[in-house]
file my_file.cif (mmCIF, C-alpha atoms)
data_protein
loop_
_atom_site.label_atom_id
_atom_site.label_comp_id
_atom_site.auth_asym_id
_atom_site.auth_seq_id
_atom_site.Cartn_x
_atom_site.Cartn_y
_atom_site.Cartn_z
CA MET A 1 -18.02 -0.53 -25.63
CA THR A 2 -14.97 -1.04 -23.40
CA ILE A 3 -15.55 -2.15 -19.82
CA THR A 4 -13.96 0.23 -17.32
CA ALA A 5 -13.56 -0.20 -13.58
CA SER A 6 -16.31 2.32 -12.85
CA LEU A 7 -18.65 0.71 -15.40
CA TYR A 8 -18.09 -2.72 -13.86
CA LEU A 9 -18.73 -1.35 -10.36
CA GLN A 10 -21.98 0.28 -11.54
CA PHE A 11 -23.06 -2.99 -13.14
CA ALA A 12 -22.14 -5.06 -10.07
CA ASN A 13 -23.99 -2.71 -7.72
CA ALA A 14 -27.07 -2.74 -9.97
CA GLN A 15 -26.98 -6.56 -9.89
CA GLY A 16 -26.83 -6.56 -6.09
CA ARG A 17 -23.34 -8.05 -5.94
CA ASP A 18 -21.70 -8.20 -2.53
CA LEU A 19 -18.56 -6.12 -3.13
CA ASN A 20 -15.69 -5.65 -0.71
CA THR A 21 -13.09 -2.97 -1.47
CA LYS A 22 -9.72 -3.02 0.27
CA ASP A 23 -6.67 -0.80 0.05
CA GLY A 24 -3.30 -2.35 0.61
CA ILE A 25 0.28 -3.13 -0.23
CA ILE A 26 0.78 -5.26 -3.32
CA ILE A 27 3.87 -7.31 -4.09
CA TYR A 28 4.42 -9.11 -7.38
CA SER A 29 7.20 -10.68 -9.38
CA THR A 30 9.28 -8.54 -11.72
CA ASP A 31 9.60 -11.41 -14.18
CA SER A 32 5.87 -11.92 -14.47
CA GLU A 33 3.87 -11.05 -17.53
CA GLU A 34 2.21 -7.66 -17.97
CA ILE A 35 -0.56 -8.91 -15.69
CA PRO A 36 0.85 -10.94 -12.79
CA MET A 37 -0.76 -14.34 -12.30
CA TYR A 38 -0.64 -13.92 -8.52
CA ILE A 39 0.10 -11.03 -6.23
CA MET A 40 0.75 -10.85 -2.53
CA PHE A 41 -1.72 -8.47 -0.90
CA ILE A 42 -1.49 -6.93 2.55
CA PRO A 43 -4.62 -5.00 3.53
CA ALA A 44 -3.48 -1.64 4.91
CA ASN A 45 -4.68 1.94 4.83
CA LEU A 46 -2.24 4.71 4.02
CA GLU A 47 -2.77 7.44 6.60
CA LYS A 48 -2.82 11.12 5.68
CA ASN A 49 0.72 12.43 5.10
CA GLU A 50 2.20 8.97 5.70
CA SER A 51 5.06 7.88 3.46
CA PHE A 52 5.10 4.49 1.77
CA ASN A 53 8.15 3.51 3.86
CA ASP A 54 6.26 4.41 7.04
CA LEU A 55 3.21 2.42 5.88
CA LEU A 56 5.37 -0.65 5.27
CA SER A 57 7.14 -0.33 8.60
CA ARG A 58 3.92 0.26 10.54
CA THR A 59 2.05 -2.59 8.85
CA LEU A 60 4.78 -5.22 8.63
CA SER A 61 6.15 -4.65 12.13
CA LYS A 62 2.91 -6.11 13.54
CA LYS A 63 3.36 -9.84 14.11
CA GLU A 64 -0.33 -10.55 13.37
CA THR A 65 -0.24 -9.01 9.89
CA LEU A 66 -1.06 -11.52 7.16
CA THR A 67 0.15 -11.37 3.58
CA TYR A 68 -2.34 -13.00 1.24
CA ILE A 69 -1.68 -14.73 -2.06
CA VAL A 70 -4.37 -13.56 -4.46
CA PHE A 71 -5.09 -14.94 -7.95
CA PHE A 72 -4.88 -11.65 -9.83
CA GLN A 73 -4.83 -12.42 -13.54
CA ALA A 74 -8.59 -13.10 -13.75
CA ILE A 75 -9.17 -9.35 -13.32
CA ARG A 76 -8.50 -9.04 -17.05
CA TRP A 77 -12.01 -10.42 -17.71
CA THR A 78 -13.74 -7.59 -15.85
CA GLN A 79 -11.08 -4.94 -16.41
CA PRO A 80 -9.54 -5.36 -19.89
CA ASP A 81 -7.19 -2.37 -19.40
CA ILE A 82 -5.51 -3.95 -16.35
CA GLY A 83 -2.28 -4.55 -18.31
CA THR A 84 -1.97 -0.84 -19.08
CA ILE A 85 -2.70 0.03 -15.46
CA MET A 86 -0.10 -2.41 -14.13
CA SER A 87 2.58 -1.17 -16.54
CA SER A 88 2.02 2.42 -15.41
CA ILE A 89 1.84 1.81 -11.66
CA ASN A 90 4.34 3.46 -9.34
CA PHE A 91 6.38 0.85 -7.52
CA GLU A 92 9.52 0.29 -5.51
CA ASN A 93 11.91 -2.62 -6.00
CA GLY A 94 12.33 -5.26 -3.36
CA ASN A 95 13.30 -8.88 -2.86
CA TYR A 96 11.36 -11.81 -1.48
CA GLY A 97 12.17 -15.15 0.11
CA THR A 98 15.37 -17.04 0.72
CA LEU A 99 16.41 -16.67 -2.93
CA HIS A 100 15.86 -12.89 -2.84
CA LYS A 101 13.54 -13.04 -5.84
CA SER A 102 13.03 -9.58 -7.38
CA VAL A 103 9.60 -8.09 -6.72
CA LYS A 104 7.73 -4.86 -7.22
CA VAL A 105 6.19 -3.34 -4.11
CA SER A 106 3.34 -0.86 -4.45
CA TYR A 107 -0.04 0.22 -3.11
CA GLY A 108 -3.50 -0.01 -4.59
CA ARG A 109 -7.19 -0.72 -4.15
CA ILE A 110 -8.81 -4.04 -5.02
CA THR A 111 -12.54 -4.67 -5.19
CA PHE A 112 -13.55 -8.25 -4.46
CA ASP A 113 -16.88 -9.88 -5.31
CA LYS A 114 -18.11 -11.93 -2.33
CA THR A 115 -21.42 -12.92 -3.98
CA TYR A 116 -20.43 -16.53 -4.68
CA PRO A 117 -17.85 -17.66 -2.11
CA GLY A 118 -17.16 -20.99 -3.78
CA ASP A 119 -17.84 -24.57 -2.88
CA PRO A 120 -17.93 -25.01 0.92
CA GLU A 121 -17.19 -28.73 0.41
CA ILE A 122 -13.68 -27.91 -0.81
CA GLU A 123 -11.35 -27.34 2.10
CA GLU A 124 -9.29 -24.16 1.95
CA ASP A 125 -5.57 -24.16 2.55
CA THR A 126 -5.08 -22.04 5.68
CA THR A 127 -1.39 -22.86 6.08
CA ILE A 128 0.68 -19.84 7.11
CA THR A 129 4.27 -19.74 5.88
CA GLN A 130 6.80 -17.27 7.18
CA THR A 131 9.33 -15.74 4.80
CA LYS A 132 11.24 -12.49 4.29
CA LEU A 133 10.58 -9.30 2.34
CA TYR A 134 13.64 -7.16 1.71
CA TYR A 135 12.83 -3.55 0.93
CA LYS A 136 15.52 -0.86 0.83
CA ASP A 137 17.39 -1.22 4.14
CA PHE A 138 14.55 -3.13 5.81
CA GLU A 139 14.10 -6.85 6.33
CA PHE A 140 10.56 -7.86 7.26
CA SER A 141 9.35 -11.29 8.35
CA ILE A 142 5.98 -11.79 6.68
CA ASN A 143 3.29 -14.41 7.25
CA VAL A 144 1.91 -15.64 3.92
CA THR A 145 -1.36 -17.52 3.36
CA GLU A 146 -4.05 -17.99 0.69
CA TRP A 147 -6.76 -15.34 0.28
CA PRO A 148 -9.92 -16.79 1.90
CA ARG A 149 -12.74 -17.54 -0.57
CA LEU A 150 -15.21 -15.85 1.77
CA MET A 151 -13.35 -12.57 1.18
CA GLY A 152 -14.25 -12.71 -2.51
CA VAL A 153 -12.80 -12.90 -5.99
CA PRO A 154 -10.77 -9.91 -7.24
CA LYS A 155 -12.68 -7.98 -9.93
CA VAL A 156 -11.22 -4.47 -10.09
CA PHE A 157 -7.80 -2.98 -9.35
CA GLU A 158 -7.31 0.76 -8.97
CA ARG A 159 -3.86 2.23 -8.79
CA THR A 160 -3.21 4.69 -6.01
CA ASP A 161 -0.39 7.07 -6.72
CA LEU A 162 2.04 7.36 -3.84
CA TYR A 163 4.19 10.12 -5.31
#
call {"tool": "encode", "arguments": {"input": "my_file.cif", "output": "structure tokens"}}
result
Amino acid sequence: MTITASLYLQFANAQGRDLNTKDGIIIYSTDSEEIPMYIMFIPANLEKNESFNDLLSRTLSKKETLTYIVFFQAIRWTQPDIGTIMSSINFENGNYGTLHKSVKVSYGRITFDKTYPGDPEIEEDTTITQTKLYYKDFEFSINVTEWPRLMGVPKVFERTDLY
């Protein structure tokens, strides 16, 4: 039997897992493998009849918005079809950082498992680094930091079609 996102969610709920589902903007390298090792994730909700460009402008124009680095590749253990999903996702091209590294910019839903937040003895890196995201004719200053362990480990990704 193949594990699907809905099957995993049913299992996790039956086991009493503490799940946290967030919609948001995802940014990942174009030269990464089929499943990116890391993604940048910006929690944001697409409003009814809002375009992706408007979502980006609304979200990234707020100075307090944080962009999180999330270890993404581990999702393949709970969602074996994640490679197929990522290769079929709708995305826009963009560039990131001082070297204008090519990235894909999209939108999706990630479910995180907060059941075991990790070892509290290990100090988290809460450093915030500012860099640039170039998207179409826009240049956004973004604040990048690590995804907090208390927010959970990514377990399921669901694509959300924007078009």
call {"tool": "atom_distance", "arguments": {"input": "my_file.cif", "atom1": "CA of Pro148 (chain A)", "atom2": "CA of Asn13 (chain A)"}}
result
22.1 Å
call {"tool": "closest_residue", "arguments": {"input": "my_file.cif", "among": "A:Arg109, A:Arg17, A:His100, A:Arg58", "to": "Thr160 (chain A)", "atoms": "only C-alpha atoms"}}
result
A:Arg109
call {"tool": "closest_residue", "arguments": {"input": "my_file.cif", "among": "A:Gly83, A:Glu50, A:Pro117, A:Lys136", "to": "Pro154 (chain A)", "atoms": "only C-alpha atoms"}}
result
A:Pro117
call {"tool": "resolve_selection", "arguments": {"input": "my_file.cif", "expression": "the PyMOL selection byres ((chain A and resi 105) around 8)", "output": "MDAnalysis selection string"}}
result
chainID A and resid 25:28 91:94 103:104 106:107
call {"tool": "residues_around", "arguments": {"input": "my_file.cif", "residues": "Gln15 (chain A)", "least_positions_apart": "5", "cutoff": "12 Å", "atoms": "all atoms listed in the file", "output": "PyMOL selection string"}}
result
chain A and resi 8-10+113+115
call {"tool": "write_last_selection", "arguments": {"input": "my_file.cif", "atoms": "C-alpha atoms", "output": "CSV table (one decimal), in the coordinates of the input"}}
result
chain,number,residue,atom,x,y,z
A,8,TYR,CA,-18.1,-2.7,-13.9
A,9,LEU,CA,-18.7,-1.4,-10.4
A,10,GLN,CA,-22.0,0.3,-11.5
A,113,ASP,CA,-16.9,-9.9,-5.3
A,115,THR,CA,-21.4,-12.9,-4.0
call {"tool": "residues_near_point", "arguments": {"input": "my_file.cif", "point": "(-10.1, -0.6, -5.9)", "cutoff": "12 Å", "atoms": "all atoms listed in the file", "output": "number ranges by chain"}}
result
A: 5-6, 8-9, 19-24, 43, 75, 79, 82, 107-113, 154-160
call {"tool": "write_last_selection", "arguments": {"input": "my_file.cif", "atoms": "C-alpha atoms", "output": "CSV table (one decimal), in the coordinates of the input"}}
result
chain,number,residue,atom,x,y,z
A,5,ALA,CA,-13.6,-0.2,-13.6
A,6,SER,CA,-16.3,2.3,-12.8
A,8,TYR,CA,-18.1,-2.7,-13.9
A,9,LEU,CA,-18.7,-1.4,-10.4
A,19,LEU,CA,-18.6,-6.1,-3.1
A,20,ASN,CA,-15.7,-5.6,-0.7
A,21,THR,CA,-13.1,-3.0,-1.5
A,22,LYS,CA,-9.7,-3.0,0.3
A,23,ASP,CA,-6.7,-0.8,0.0
A,24,GLY,CA,-3.3,-2.4,0.6
A,43,PRO,CA,-4.6,-5.0,3.5
A,75,ILE,CA,-9.2,-9.4,-13.3
A,79,GLN,CA,-11.1,-4.9,-16.4
A,82,ILE,CA,-5.5,-4.0,-16.4
A,107,TYR,CA,0.0,0.2,-3.1
A,108,GLY,CA,-3.5,0.0,-4.6
A,109,ARG,CA,-7.2,-0.7,-4.2
A,110,ILE,CA,-8.8,-4.0,-5.0
A,111,THR,CA,-12.5,-4.7,-5.2
A,112,PHE,CA,-13.6,-8.2,-4.5
A,113,ASP,CA,-16.9,-9.9,-5.3
A,154,PRO,CA,-10.8,-9.9,-7.2
A,155,LYS,CA,-12.7,-8.0,-9.9
A,156,VAL,CA,-11.2,-4.5,-10.1
A,157,PHE,CA,-7.8,-3.0,-9.4
A,158,GLU,CA,-7.3,0.8,-9.0
A,159,ARG,CA,-3.9,2.2,-8.8
A,160,THR,CA,-3.2,4.7,-6.0
call {"tool": "resolve_selection", "arguments": {"input": "my_file.cif", "expression": "the PyMOL selection byres ((chain A and resi 133) around 6)", "output": "PDB file with C-alpha atoms, keeping the file's coordinate frame"}}
result
ATOM      1  CA  ASN A  95      13.300  -8.880  -2.860  1.00  0.00           C
ATOM      2  CA  TYR A  96      11.360 -11.810  -1.480  1.00  0.00           C
ATOM      3  CA  LYS A 132      11.240 -12.490   4.290  1.00  0.00           C
ATOM      4  CA  TYR A 134      13.640  -7.160   1.710  1.00  0.00           C
ATOM      5  CA  GLU A 139      14.100  -6.850   6.330  1.00  0.00           C
ATOM      6  CA  PHE A 140      10.560  -7.860   7.260  1.00  0.00           C
TER       7      PHE A 140
END
call {"tool": "closest_residue", "arguments": {"input": "my_file.cif", "among": "A:Leu99, A:Asn90, A:Ile42, A:Trp77", "to": "Leu60 (chain A)", "atoms": "all atoms listed in the file"}}
result
A:Ile42
call {"tool": "closest_residue", "arguments": {"input": "my_file.cif", "among": "A:Tyr135, A:Asn143, A:Thr126, A:Arg149", "to": "Phe41 (chain A)", "atoms": "only C-alpha atoms"}}
result
A:Asn143
call {"tool": "atom_distance", "arguments": {"input": "my_file.cif", "atom1": "CA of Thr4 (chain A)", "atom2": "CA of Met151 (chain A)"}}
result
22.5 Å
call {"tool": "closest_residue", "arguments": {"input": "my_file.cif", "among": "A:Tyr116, A:Thr127, A:Ser102, A:Ser29", "to": "Gly152 (chain A)", "atoms": "all atoms listed in the file"}}
result
A:Tyr116
call {"tool": "atom_distance", "arguments": {"input": "my_file.cif", "atom1": "CA of Asp137 (chain A)", "atom2": "CA of Ile69 (chain A)"}}
result
24.2 Å
call {"tool": "closest_residue", "arguments": {"input": "my_file.cif", "among": "A:Thr65, A:Thr84, A:Asn45, A:Thr59", "to": "Glu33 (chain A)", "atoms": "only C-alpha atoms"}}
result
A:Thr84
